[in-house]
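Just my_file-v6.pdb here, PDB, C-alpha atoms:
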ATOM      1  CA  LYS A   1     -58.009 110.662  -3.335  1.00  0.00           C
ATOM      2  CA  GLU A   2     -54.556 111.504  -2.098  1.00  0.00           C
ATOM      3  CA  LEU A   3     -54.355 114.162   0.595  1.00  0.00           C
ATOM      4  CA  SER A   4     -51.627 116.719   0.353  1.00  0.00           C
ATOM      5  CA  MET A   5     -49.217 117.007   3.277  1.00  0.00           C
ATOM      6  CA  LYS A   6     -50.357 120.560   3.793  1.00  0.00           C
ATOM      7  CA  ALA A   7     -53.977 119.468   4.161  1.00  0.00           C
ATOM      8  CA  LEU A   8     -53.011 116.672   6.546  1.00  0.00           C
ATOM      9  CA  VAL A   9     -50.880 118.915   8.738  1.00  0.00           C
ATOM     10  CA  GLY A  10     -53.527 121.623   8.775  1.00  0.00           C
ATOM     11  CA  SER A  11     -56.343 119.326   9.844  1.00  0.00           C
ATOM     12  CA  GLY A  12     -57.533 119.062  13.427  1.00  0.00           C
ATOM     13  CA  TYR A  13     -56.691 115.364  13.521  1.00  0.00           C
ATOM     14  CA  GLY A  14     -53.160 116.071  12.421  1.00  0.00           C
ATOM     15  CA  ALA A  15     -52.659 118.586  15.232  1.00  0.00           C
ATOM     16  CA  GLU A  16     -53.926 116.141  17.847  1.00  0.00           C
ATOM     17  CA  ASP A  17     -51.778 113.388  16.420  1.00  0.00           C
ATOM     18  CA  ARG A  18     -48.658 115.546  16.580  1.00  0.00           C
ATOM     19  CA  ALA A  19     -49.436 116.533  20.163  1.00  0.00           C
ATOM     20  CA  ARG A  20     -49.823 112.866  21.080  1.00  0.00           C
ATOM     21  CA  MET A  21     -46.503 112.023  19.453  1.00  0.00           C
ATOM     22  CA  ARG A  22     -44.799 114.803  21.420  1.00  0.00           C
ATOM     23  CA  LYS A  23     -46.225 113.414  24.673  1.00  0.00           C
ATOM     24  CA  MET A  24     -45.047 109.910  23.811  1.00  0.00           C
ATOM     25  CA  LYS A  25     -41.570 111.248  23.063  1.00  0.00           C
ATOM     26  CA  ASN A  26     -41.471 113.171  26.347  1.00  0.00           C
ATOM     27  CA  VAL A  27     -42.570 110.116  28.345  1.00  0.00           C
ATOM     28  CA  SER A  28     -39.985 107.931  26.664  1.00  0.00           C
ATOM     29  CA  GLY A  29     -37.294 110.526  27.353  1.00  0.00           C
ATOM     30  CA  ASP A  30     -38.398 111.003  30.964  1.00  0.00           C
ATOM     31  CA  THR A  31     -38.322 107.247  31.508  1.00  0.00           C
ATOM     32  CA  ARG A  32     -34.776 106.909  30.202  1.00  0.00           C
ATOM     33  CA  VAL A  33     -33.575 109.908  32.214  1.00  0.00           C
ATOM     34  CA  ALA A  34     -35.203 108.548  35.377  1.00  0.00           C
ATOM     35  CA  GLN A  35     -33.683 105.107  34.837  1.00  0.00           C
ATOM     36  CA  ASP A  36     -30.226 106.623  34.317  1.00  0.00           C
ATOM     37  CA  SER A  37     -30.608 108.947  37.317  1.00  0.00           C
ATOM     38  CA  LEU A  38     -31.698 106.038  39.484  1.00  0.00           C
ATOM     39  CA  LEU A  39     -28.629 104.011  38.510  1.00  0.00           C
ATOM     40  CA  ILE A  40     -26.286 106.946  39.187  1.00  0.00           C
ATOM     41  CA  SER A  41     -27.892 107.623  42.581  1.00  0.00           C
ATOM     42  CA  GLN A  42     -27.651 103.959  43.519  1.00  0.00           C
ATOM     43  CA  LEU A  43     -23.974 103.778  42.596  1.00  0.00           C
ATOM     44  CA  ARG A  44     -23.171 106.972  44.491  1.00  0.00           C
ATOM     45  CA  SER A  45     -25.036 105.718  47.545  1.00  0.00           C
ATOM     46  CA  GLY A  46     -23.319 102.353  47.470  1.00  0.00           C
ATOM     47  CA  VAL A  47     -26.551 100.373  47.227  1.00  0.00           C
ATOM     48  CA  ILE A  48     -27.176  97.452  44.897  1.00  0.00           C
ATOM     49  CA  PRO A  49     -28.332  98.810  41.500  1.00  0.00           C
ATOM     50  CA  GLU A  50     -31.879  97.765  40.719  1.00  0.00           C
ATOM     51  CA  SER A  51     -34.036  99.100  37.902  1.00  0.00           C
ATOM     52  CA  PHE A  52     -37.602  99.367  39.175  1.00  0.00           C
ATOM     53  CA  ILE A  53     -38.688 102.251  36.928  1.00  0.00           C
ATOM     54  CA  LYS A  54     -40.385 100.731  33.877  1.00  0.00           C
ATOM     55  CA  ARG A  55     -41.680 102.184  30.652  1.00  0.00           C
ATOM     56  CA  SER A  56     -45.207 103.495  30.903  1.00  0.00           C
ATOM     57  CA  THR A  57     -48.028 101.508  29.325  1.00  0.00           C
ATOM     58  CA  THR A  58     -50.155 104.642  28.895  1.00  0.00           C
ATOM     59  CA  LEU A  59     -47.729 106.177  26.375  1.00  0.00           C
ATOM     60  CA  GLU A  60     -48.788 109.736  27.219  1.00  0.00           C
ATOM     61  CA  TYR A  61     -47.928 109.611  30.917  1.00  0.00           C
ATOM     62  CA  LEU A  62     -45.536 107.787  33.210  1.00  0.00           C
ATOM     63  CA  ASP A  63     -47.004 105.767  36.067  1.00  0.00           C
ATOM     64  CA  ILE A  64     -44.510 104.309  38.548  1.00  0.00           C
ATOM     65  CA  ASP A  65     -46.006 101.415  40.485  1.00  0.00           C
ATOM     66  CA  ILE A  66     -43.499  99.650  42.743  1.00  0.00           C
ATOM     67  CA  ARG A  67     -45.826  98.494  45.502  1.00  0.00           C
ATOM     68  CA  SER A  68     -44.435  95.750  47.767  1.00  0.00           C
ATOM     69  CA  TYR A  69     -40.902  95.964  46.360  1.00  0.00           C
ATOM     70  CA  GLY A  70     -39.556  96.559  49.879  1.00  0.00           C
ATOM     71  CA  ILE A  71     -36.881  98.943  48.578  1.00  0.00           C
ATOM     72  CA  GLY A  72     -36.110 100.600  51.939  1.00  0.00           C
ATOM     73  CA  ASP A  73     -34.844 104.090  52.696  1.00  0.00           C
ATOM     74  CA  GLU A  74     -31.565 103.987  50.770  1.00  0.00           C
ATOM     75  CA  GLN A  75     -33.267 102.981  47.544  1.00  0.00           C
ATOM     76  CA  GLY A  76     -36.101 105.365  48.420  1.00  0.00           C
ATOM     77  CA  CYS A  77     -33.699 108.304  48.438  1.00  0.00           C
ATOM     78  CA  CYS A  78     -32.317 107.127  45.104  1.00  0.00           C
ATOM     79  CA  LEU A  79     -35.862 107.028  43.749  1.00  0.00           C
ATOM     80  CA  GLY A  80     -36.403 110.609  44.901  1.00  0.00           C
ATOM     81  CA  SER A  81     -33.315 111.753  43.002  1.00  0.00           C
ATOM     82  CA  ALA A  82     -34.420 109.819  39.906  1.00  0.00           C
ATOM     83  CA  ILE A  83     -37.893 111.393  39.641  1.00  0.00           C
ATOM     84  CA  LEU A  84     -36.763 114.951  40.323  1.00  0.00           C
ATOM     85  CA  GLY A  85     -38.137 117.240  37.615  1.00  0.00           C
ATOM     86  CA  MET A  86     -40.080 114.557  35.714  1.00  0.00           C
ATOM     87  CA  ASP A  87     -42.759 116.400  33.743  1.00  0.00           C
ATOM     88  CA  SER A  88     -44.780 113.347  32.703  1.00  0.00           C
ATOM     89  CA  LEU A  89     -45.109 111.523  36.045  1.00  0.00           C
ATOM     90  CA  ARG A  90     -48.828 111.076  36.669  1.00  0.00           C
ATOM     91  CA  ALA A  91     -48.912 108.420  39.400  1.00  0.00           C
ATOM     92  CA  LEU A  92     -46.455 107.272  42.046  1.00  0.00           C
ATOM     93  CA  ILE A  93     -47.354 104.155  44.019  1.00  0.00           C
ATOM     94  CA  VAL A  94     -44.779 103.189  46.631  1.00  0.00           C
ATOM     95  CA  GLU A  95     -47.055 101.186  48.920  1.00  0.00           C
ATOM     96  CA  ASP A  96     -45.351  98.718  51.261  1.00  0.00           C
ATOM     97  CA  ASN A  97     -41.694  99.564  50.654  1.00  0.00           C
ATOM     98  CA  ARG A  98     -40.288  99.907  54.203  1.00  0.00           C
ATOM     99  CA  LEU A  99     -39.950 103.658  53.729  1.00  0.00           C
ATOM    100  CA  THR A 100     -39.647 105.978  56.736  1.00  0.00           C
ATOM    101  CA  SER A 101     -39.110 109.667  57.471  1.00  0.00           C
ATOM    102  CA  ALA A 102     -35.517 109.147  56.300  1.00  0.00           C
ATOM    103  CA  SER A 103     -36.621 108.904  52.649  1.00  0.00           C
ATOM    104  CA  VAL A 104     -40.270 109.966  52.336  1.00  0.00           C
ATOM    105  CA  PRO A 105     -39.594 113.746  52.544  1.00  0.00           C
ATOM    106  CA  HIS A 106     -36.961 113.465  49.798  1.00  0.00           C
ATOM    107  CA  ILE A 107     -39.412 111.621  47.548  1.00  0.00           C
ATOM    108  CA  ILE A 108     -42.194 114.148  48.214  1.00  0.00           C
ATOM    109  CA  ARG A 109     -39.965 117.152  47.492  1.00  0.00           C
ATOM    110  CA  SER A 110     -38.991 115.617  44.139  1.00  0.00           C
ATOM    111  CA  LEU A 111     -42.560 115.372  42.837  1.00  0.00           C
ATOM    112  CA  ASN A 112     -43.861 117.580  40.048  1.00  0.00           C
ATOM    113  CA  VAL A 113     -46.872 119.447  41.414  1.00  0.00           C
ATOM    114  CA  THR A 114     -48.379 120.168  37.990  1.00  0.00           C
ATOM    115  CA  THR A 115     -48.703 116.588  36.692  1.00  0.00           C
ATOM    116  CA  LEU A 116     -48.958 114.139  39.603  1.00  0.00           C
ATOM    117  CA  SER A 117     -52.583 113.098  40.189  1.00  0.00           C
ATOM    118  CA  LEU A 118     -52.150 109.953  42.326  1.00  0.00           C
ATOM    119  CA  LEU A 119     -49.800 109.422  45.274  1.00  0.00           C
ATOM    120  CA  ASP A 120     -49.895 106.202  47.290  1.00  0.00           C
ATOM    121  CA  LEU A 121     -47.682 106.107  50.396  1.00  0.00           C
ATOM    122  CA  SER A 122     -49.588 103.337  52.143  1.00  0.00           C
ATOM    123  CA  CYS A 123     -47.902 100.792  54.429  1.00  0.00           C
ATOM    124  CA  ASN A 124     -44.871 103.000  55.051  1.00  0.00           C
ATOM    125  CA  SER A 125     -43.964 104.979  58.172  1.00  0.00           C
ATOM    126  CA  VAL A 126     -44.916 108.478  57.030  1.00  0.00           C
ATOM    127  CA  SER A 127     -45.539 110.113  60.410  1.00  0.00           C
ATOM    128  CA  ASN A 128     -43.702 113.172  61.747  1.00  0.00           C
ATOM    129  CA  SER A 129     -41.358 114.645  59.096  1.00  0.00           C
ATOM    130  CA  GLY A 130     -42.947 112.536  56.363  1.00  0.00           C
ATOM    131  CA  ALA A 131     -46.389 113.904  57.182  1.00  0.00           C
ATOM    132  CA  SER A 132     -44.949 117.433  57.271  1.00  0.00           C
ATOM    133  CA  ALA A 133     -43.509 116.933  53.789  1.00  0.00           C
ATOM    134  CA  VAL A 134     -46.904 115.766  52.542  1.00  0.00           C
ATOM    135  CA  ALA A 135     -48.501 118.857  54.076  1.00  0.00           C
ATOM    136  CA  ASP A 136     -45.963 121.117  52.350  1.00  0.00           C
ATOM    137  CA  PHE A 137     -46.833 119.465  49.041  1.00  0.00           C
ATOM    138  CA  LEU A 138     -50.565 119.908  49.644  1.00  0.00           C
ATOM    139  CA  ARG A 139     -50.138 123.640  50.280  1.00  0.00           C
ATOM    140  CA  LYS A 140     -49.109 124.151  46.660  1.00  0.00           C
ATOM    141  CA  LYS A 141     -51.305 124.393  43.596  1.00  0.00           C
ATOM    142  CA  THR A 142     -51.130 120.760  42.543  1.00  0.00           C
ATOM    143  CA  ALA A 143     -52.889 118.358  40.194  1.00  0.00           C
ATOM    144  CA  LEU A 144     -53.074 115.742  42.969  1.00  0.00           C
ATOM    145  CA  ALA A 145     -56.565 114.255  43.002  1.00  0.00           C
ATOM    146  CA  GLU A 146     -56.008 111.116  45.078  1.00  0.00           C
ATOM    147  CA  LEU A 147     -53.858 110.626  48.182  1.00  0.00           C
ATOM    148  CA  ARG A 148     -53.560 107.230  49.853  1.00  0.00           C
ATOM    149  CA  MET A 149     -51.955 107.056  53.297  1.00  0.00           C
ATOM    150  CA  ASN A 150     -53.264 103.813  54.748  1.00  0.00           C
ATOM    151  CA  ARG A 151     -51.230 102.116  57.488  1.00  0.00           C
ATOM    152  CA  CYS A 152     -48.747 104.996  57.664  1.00  0.00           C
ATOM    153  CA  ASN A 153     -48.497 105.258  61.462  1.00  0.00           C
ATOM    154  CA  LEU A 154     -50.293 108.598  61.366  1.00  0.00           C
ATOM    155  CA  SER A 155     -51.511 109.969  64.692  1.00  0.00           C
ATOM    156  CA  ASP A 156     -53.450 112.961  66.004  1.00  0.00           C
ATOM    157  CA  SER A 157     -50.333 115.136  65.859  1.00  0.00           C
ATOM    158  CA  ASP A 158     -50.049 114.616  62.079  1.00  0.00           C
ATOM    159  CA  MET A 159     -53.596 115.699  61.265  1.00  0.00           C
ATOM    160  CA  PRO A 160     -53.405 119.503  61.802  1.00  0.00           C
ATOM    161  CA  SER A 161     -50.663 120.114  59.218  1.00  0.00           C
ATOM    162  CA  ILE A 162     -52.223 117.832  56.589  1.00  0.00           C
ATOM    163  CA  CYS A 163     -55.816 118.986  57.037  1.00  0.00           C
ATOM    164  CA  GLN A 164     -54.929 122.674  57.313  1.00  0.00           C
ATOM    165  CA  ALA A 165     -52.889 122.435  54.114  1.00  0.00           C
ATOM    166  CA  ILE A 166     -55.905 121.063  52.263  1.00  0.00           C
ATOM    167  CA  ARG A 167     -58.389 123.439  53.902  1.00  0.00           C
ATOM    168  CA  ASN A 168     -56.355 126.585  53.256  1.00  0.00           C
ATOM    169  CA  ASN A 169     -55.543 125.743  49.635  1.00  0.00           C
ATOM    170  CA  SER A 170     -58.236 127.209  47.392  1.00  0.00           C
ATOM    171  CA  ASP A 171     -56.524 125.619  44.365  1.00  0.00           C
ATOM    172  CA  THR A 172     -56.589 122.066  45.704  1.00  0.00           C
ATOM    173  CA  ALA A 173     -57.668 119.284  43.340  1.00  0.00           C
ATOM    174  CA  LEU A 174     -57.796 116.609  46.039  1.00  0.00           C
ATOM    175  CA  SER A 175     -61.027 114.630  45.793  1.00  0.00           C
ATOM    176  CA  HIS A 176     -60.070 111.219  47.252  1.00  0.00           C
ATOM    177  CA  LEU A 177     -58.362 110.817  50.623  1.00  0.00           C
ATOM    178  CA  GLN A 178     -57.558 107.519  52.348  1.00  0.00           C
ATOM    179  CA  LEU A 179     -56.337 107.555  55.949  1.00  0.00           C
ATOM    180  CA  ASN A 180     -57.599 104.210  57.207  1.00  0.00           C
ATOM    181  CA  ASN A 181     -55.725 101.850  59.552  1.00  0.00           C
ATOM    182  CA  ASN A 182     -53.729 104.543  61.352  1.00  0.00           C
ATOM    183  CA  HIS A 183     -53.667 105.791  64.942  1.00  0.00           C
ATOM    184  CA  ILE A 184     -55.970 108.785  64.544  1.00  0.00           C
ATOM    185  CA  GLY A 185     -57.904 109.467  67.729  1.00  0.00           C
ATOM    186  CA  PRO A 186     -60.681 111.881  68.752  1.00  0.00           C
ATOM    187  CA  GLU A 187     -58.490 114.990  68.500  1.00  0.00           C
ATOM    188  CA  GLY A 188     -57.384 114.086  64.976  1.00  0.00           C
ATOM    189  CA  ALA A 189     -61.000 113.365  64.047  1.00  0.00           C
ATOM    190  CA  LYS A 190     -62.011 116.854  65.199  1.00  0.00           C
ATOM    191  CA  VAL A 191     -59.388 118.338  62.882  1.00  0.00           C
ATOM    192  CA  ILE A 192     -60.751 116.242  60.010  1.00  0.00           C
ATOM    193  CA  ALA A 193     -64.243 117.519  60.845  1.00  0.00           C
ATOM    194  CA  LYS A 194     -63.038 121.115  60.437  1.00  0.00           C
ATOM    195  CA  LEU A 195     -61.678 120.200  57.020  1.00  0.00           C
ATOM    196  CA  LEU A 196     -65.022 118.732  55.985  1.00  0.00           C
ATOM    197  CA  CYS A 197     -66.791 121.913  57.091  1.00  0.00           C
ATOM    198  CA  ALA A 198     -64.589 124.175  54.984  1.00  0.00           C
ATOM    199  CA  ASP A 199     -66.026 125.735  51.829  1.00  0.00           C
ATOM    200  CA  SER A 200     -62.789 124.861  50.019  1.00  0.00           C
ATOM    201  CA  CYS A 201     -63.253 121.134  50.660  1.00  0.00           C
ATOM    202  CA  ILE A 202     -63.934 119.253  47.399  1.00  0.00           C
ATOM    203  CA  ILE A 203     -63.254 115.765  48.731  1.00  0.00           C
ATOM    204  CA  HIS A 204     -65.677 113.199  47.286  1.00  0.00           C
ATOM    205  CA  THR A 205     -64.537 110.061  49.076  1.00  0.00           C
ATOM    206  CA  MET A 206     -62.776 109.730  52.433  1.00  0.00           C
ATOM    207  CA  ASP A 207     -61.749 106.604  54.308  1.00  0.00           C
ATOM    208  CA  ILE A 208     -60.794 106.953  57.984  1.00  0.00           C
ATOM    209  CA  SER A 209     -61.934 103.494  59.066  1.00  0.00           C
ATOM    210  CA  TRP A 210     -59.951 101.348  61.496  1.00  0.00           C
ATOM    211  CA  ASN A 211     -58.629 104.258  63.495  1.00  0.00           C
ATOM    212  CA  LYS A 212     -59.288 105.190  67.119  1.00  0.00           C
ATOM    213  CA  VAL A 213     -61.729 108.073  66.684  1.00  0.00           C
ATOM    214  CA  GLY A 214     -64.374 106.634  69.020  1.00  0.00           C
ATOM    215  CA  THR A 215     -67.669 108.341  69.743  1.00  0.00           C
ATOM    216  CA  GLU A 216     -65.922 111.542  70.746  1.00  0.00           C
ATOM    217  CA  GLY A 217     -64.403 111.837  67.278  1.00  0.00           C
ATOM    218  CA  ALA A 218     -67.278 110.371  65.279  1.00  0.00           C
ATOM    219  CA  VAL A 219     -69.853 112.922  66.496  1.00  0.00           C
ATOM    220  CA  PRO A 220     -68.079 116.051  65.136  1.00  0.00           C
ATOM    221  CA  ILE A 221     -67.454 114.255  61.841  1.00  0.00           C
ATOM    222  CA  ALA A 222     -71.146 113.369  61.608  1.00  0.00           C
ATOM    223  CA  HIS A 223     -72.038 117.016  62.236  1.00  0.00           C
ATOM    224  CA  ALA A 224     -69.539 118.100  59.573  1.00  0.00           C
ATOM    225  CA  ILE A 225     -71.084 115.799  57.000  1.00  0.00           C
ATOM    226  CA  GLN A 226     -74.417 117.565  57.487  1.00  0.00           C
ATOM    227  CA  VAL A 227     -72.945 120.821  56.162  1.00  0.00           C
ATOM    228  CA  ASN A 228     -70.460 119.333  53.697  1.00  0.00           C
ATOM    229  CA  ARG A 229     -71.474 119.574  50.024  1.00  0.00           C
ATOM    230  CA  SER A 230     -68.865 117.415  48.334  1.00  0.00           C
ATOM    231  CA  VAL A 231     -68.494 114.086  50.150  1.00  0.00           C
ATOM    232  CA  THR A 232     -70.420 111.221  48.545  1.00  0.00           C
ATOM    233  CA  ARG A 233     -68.798 108.407  50.519  1.00  0.00           C
ATOM    234  CA  LEU A 234     -67.295 108.337  54.003  1.00  0.00           C
ATOM    235  CA  ASP A 235     -65.906 105.192  55.639  1.00  0.00           C
ATOM    236  CA  LEU A 236     -65.684 105.768  59.377  1.00  0.00           C
TER     237      LEU A 236
END
Any chance you could put this one into structure tokens?
Amino acid sequence: KELSMKALVGSGYGAEDRARMRKMKNVSGDTRVAQDSLLISQLRSGVIPESFIKRSTTLEYLDIDIRSYGIGDEQGCCLGSAILGMDSLRALIVEDNRLTSASVPHIIRSLNVTTLSLLDLSCNSVSNSGASAVADFLRKKTALAELRMNRCNLSDSDMPSICQAIRNNSDTALSHLQLNNNHIGPEGAKVIAKLLCADSCIIHTMDISWNKVGTEGAVPIAHAIQVNRSVTRLDL
């Protein structure tokens, strides 16, 4: 039997299908806008134009994965301008791109707090102002569920702002945190232990291996795990 258009539009399947089509249209539009914005920023900055923002394969969301492109700070700032205000950006992976505090804060400030669920800054120099920018982002009500900051030159001095931002945010969605292969010592480990003791902590997996926590830092973390109710895996 032939279905009338009215019946098709009024059905639950039709509503879901229309919503999916709207998402696909938004992602396609966001991708084109980001690509154009990237080109404009590159030309204004005098850097060689390079299109490293590709169309999403998920259709409903945009995932930008440019790990190991080695884009550097100039292109990093252009990337920050390109993603500003993107409503469909779900994941940003900029691992191993020679980024420093000259570009990382600009990228972080451009992120949409309501949609981004994965941020990978690994193998870039994120310490100091970069870590402060990450902390500012974590203080907001965000959708971020996974944060990767491996090999980011993080030290004890970077831990208070990051951990306090997570601990004091009752609306945090962060459940996976990777901080391995940094320069975190006993004092930084003690700050992490306070985070794990907080009632607001919902972290499921944490990796702080290959740091410099030592016995002095490992003991308070071990004590924190005894009272923590969320962590299911801890690499120390």
Item to check | Nearest to Ile64 (chain A) by atom-to-atom distance, counting all atoms listed in the file, from A:Glu50, A:Asp171, A:Asp120, A:Asp36 | outcome: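 Smallest distance to Ile64 (chain A) is found for A:Asp120.
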Checklist entry - Within 6 Å of Glu146 (chain A), counting all atoms listed in the file, which residues qualify if same-chain residues fewer than 3 places away don't, as a VMD selection string? => result chain A and resid 118 174 176
Using only C-alpha atoms, can you list as a PDB file with C-alpha atoms, keeping the file's coordinate frame the residues within 9 Å of (-45.2, 106.9, 39.6)?
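Contents of out.pdb, as written:
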ATOM      1  CA  ILE A  53     -38.688 102.251  36.928  1.00  0.00           C
ATOM      2  CA  LEU A  62     -45.536 107.787  33.210  1.00  0.00           C
ATOM      3  CA  ASP A  63     -47.004 105.767  36.067  1.00  0.00           C
ATOM      4  CA  ILE A  64     -44.510 104.309  38.548  1.00  0.00           C
ATOM      5  CA  ASP A  65     -46.006 101.415  40.485  1.00  0.00           C
ATOM      6  CA  ILE A  66     -43.499  99.650  42.743  1.00  0.00           C
ATOM      7  CA  ILE A  83     -37.893 111.393  39.641  1.00  0.00           C
ATOM      8  CA  LEU A  89     -45.109 111.523  36.045  1.00  0.00           C
ATOM      9  CA  ARG A  90     -48.828 111.076  36.669  1.00  0.00           C
ATOM     10  CA  ALA A  91     -48.912 108.420  39.400  1.00  0.00           C
ATOM     11  CA  LEU A  92     -46.455 107.272  42.046  1.00  0.00           C
ATOM     12  CA  ILE A  93     -47.354 104.155  44.019  1.00  0.00           C
ATOM     13  CA  VAL A  94     -44.779 103.189  46.631  1.00  0.00           C
ATOM     14  CA  LEU A 116     -48.958 114.139  39.603  1.00  0.00           C
ATOM     15  CA  LEU A 118     -52.150 109.953  42.326  1.00  0.00           C
ATOM     16  CA  LEU A 119     -49.800 109.422  45.274  1.00  0.00           C
TER      17      LEU A 119
END
Checklist entry - Distance CA of Ser132 (chain A)-CA of Pro105 (chain A), one decimal place? => result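 Spanning CA of Ser132 (chain A) to CA of Pro105 (chain A) is a straight-line distance of 8.0 Å.
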Checklist entry - Where does the PyMOL selection byres ((chain A and resi 209-224) around 7) land in this file, that is, which residues does it pick, as a list in words? => result Asn180, Asn181, Asn182, His183, Ile184, Gly185, Pro186, Glu187, Ala189, Lys190, Ala193, Leu196, Cys197, Asp207, Ile208, Ile225, Gln226, Val227, Asn228, Asp235 and Leu236 of chain A
Checklist entry - Which residue, A:Ile71, A:Leu121, A:Val134, A:Leu39, has the smallest gap to Pro160 (chain A) when you use only C-alpha atoms? => result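 Of A:Ile71, A:Leu121, A:Val134, A:Leu39, the one nearest Pro160 (chain A) is A:Val134, counting only C-alpha atoms.
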Item to check | Between CA of Thr100 (chain A) and CA of Ser117 (chain A) - distance in Å to one decimal | outcome: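 Going from CA of Ser117 (chain A) over to CA of Thr100 (chain A), I get 22.2 Å.
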Checklist outcome for this item: From the list A:Gly188, A:Gly72, A:Gly80, A:Gly130, the nearest residue to Arg98 (chain A) using all atoms listed in the file is A:Gly72
Next on the checklist: Taking the file as I've supplied it (selection: the PyMOL selection byres ((chain A and resi 78) around 8)), which residues are included? Please answer as a PyMOL selection string.
Outcome noted: chain A and resi 38+41-42+45+74-77+79-82
Next on the checklist: Can you measure CA of Lys141 (chain A) to CA of Val113 (chain A) for me? One decimal in Å is fine.
Outcome noted: 7.0 Å
Please check which residues have atoms at most 7 Å from (-44.9, 101.2, 56.3) in the file's coordinates, counting all atoms listed in the file, and write them as a PDB file with C-alpha atoms, keeping the file's coordinate frame.
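What ended up in out03.pdb:
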ATOM      1  CA  ASP A  96     -45.351  98.718  51.261  1.00  0.00           C
ATOM      2  CA  ASN A  97     -41.694  99.564  50.654  1.00  0.00           C
ATOM      3  CA  ARG A  98     -40.288  99.907  54.203  1.00  0.00           C
ATOM      4  CA  LEU A  99     -39.950 103.658  53.729  1.00  0.00           C
ATOM      5  CA  SER A 122     -49.588 103.337  52.143  1.00  0.00           C
ATOM      6  CA  CYS A 123     -47.902 100.792  54.429  1.00  0.00           C
ATOM      7  CA  ASN A 124     -44.871 103.000  55.051  1.00  0.00           C
ATOM      8  CA  SER A 125     -43.964 104.979  58.172  1.00  0.00           C
ATOM      9  CA  ARG A 151     -51.230 102.116  57.488  1.00  0.00           C
ATOM     10  CA  CYS A 152     -48.747 104.996  57.664  1.00  0.00           C
TER      11      CYS A 152
END
Tell me, as a compact mmCIF listing (two decimals) with C-alpha atoms, in the coordinates of the input, which residues lie within 10 Å of Ile162 (chain A), counting only C-alpha atoms; anything in the same chain fewer than 6 positions away does not count.
# COMPACT_ATOMS: atom_id res chain seq x y z
CA ALA A 131 -46.39 113.90 57.18
CA SER A 132 -44.95 117.43 57.27
CA ALA A 133 -43.51 116.93 53.79
CA VAL A 134 -46.90 115.77 52.54
CA ALA A 135 -48.50 118.86 54.08
CA ASP A 136 -45.96 121.12 52.35
CA PHE A 137 -46.83 119.46 49.04
CA LEU A 138 -50.56 119.91 49.64
CA ARG A 139 -50.14 123.64 50.28
CA VAL A 191 -59.39 118.34 62.88
CA ILE A 192 -60.75 116.24 60.01
CA LEU A 195 -61.68 120.20 57.02
Checklist entry - Which one of A:Asn150, A:Thr115, A:Ser170, A:Ser127 sits closest to Ser103 (chain A) if you count all atoms listed in the file? => result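 Nearest to Ser103 (chain A): A:Ser127.
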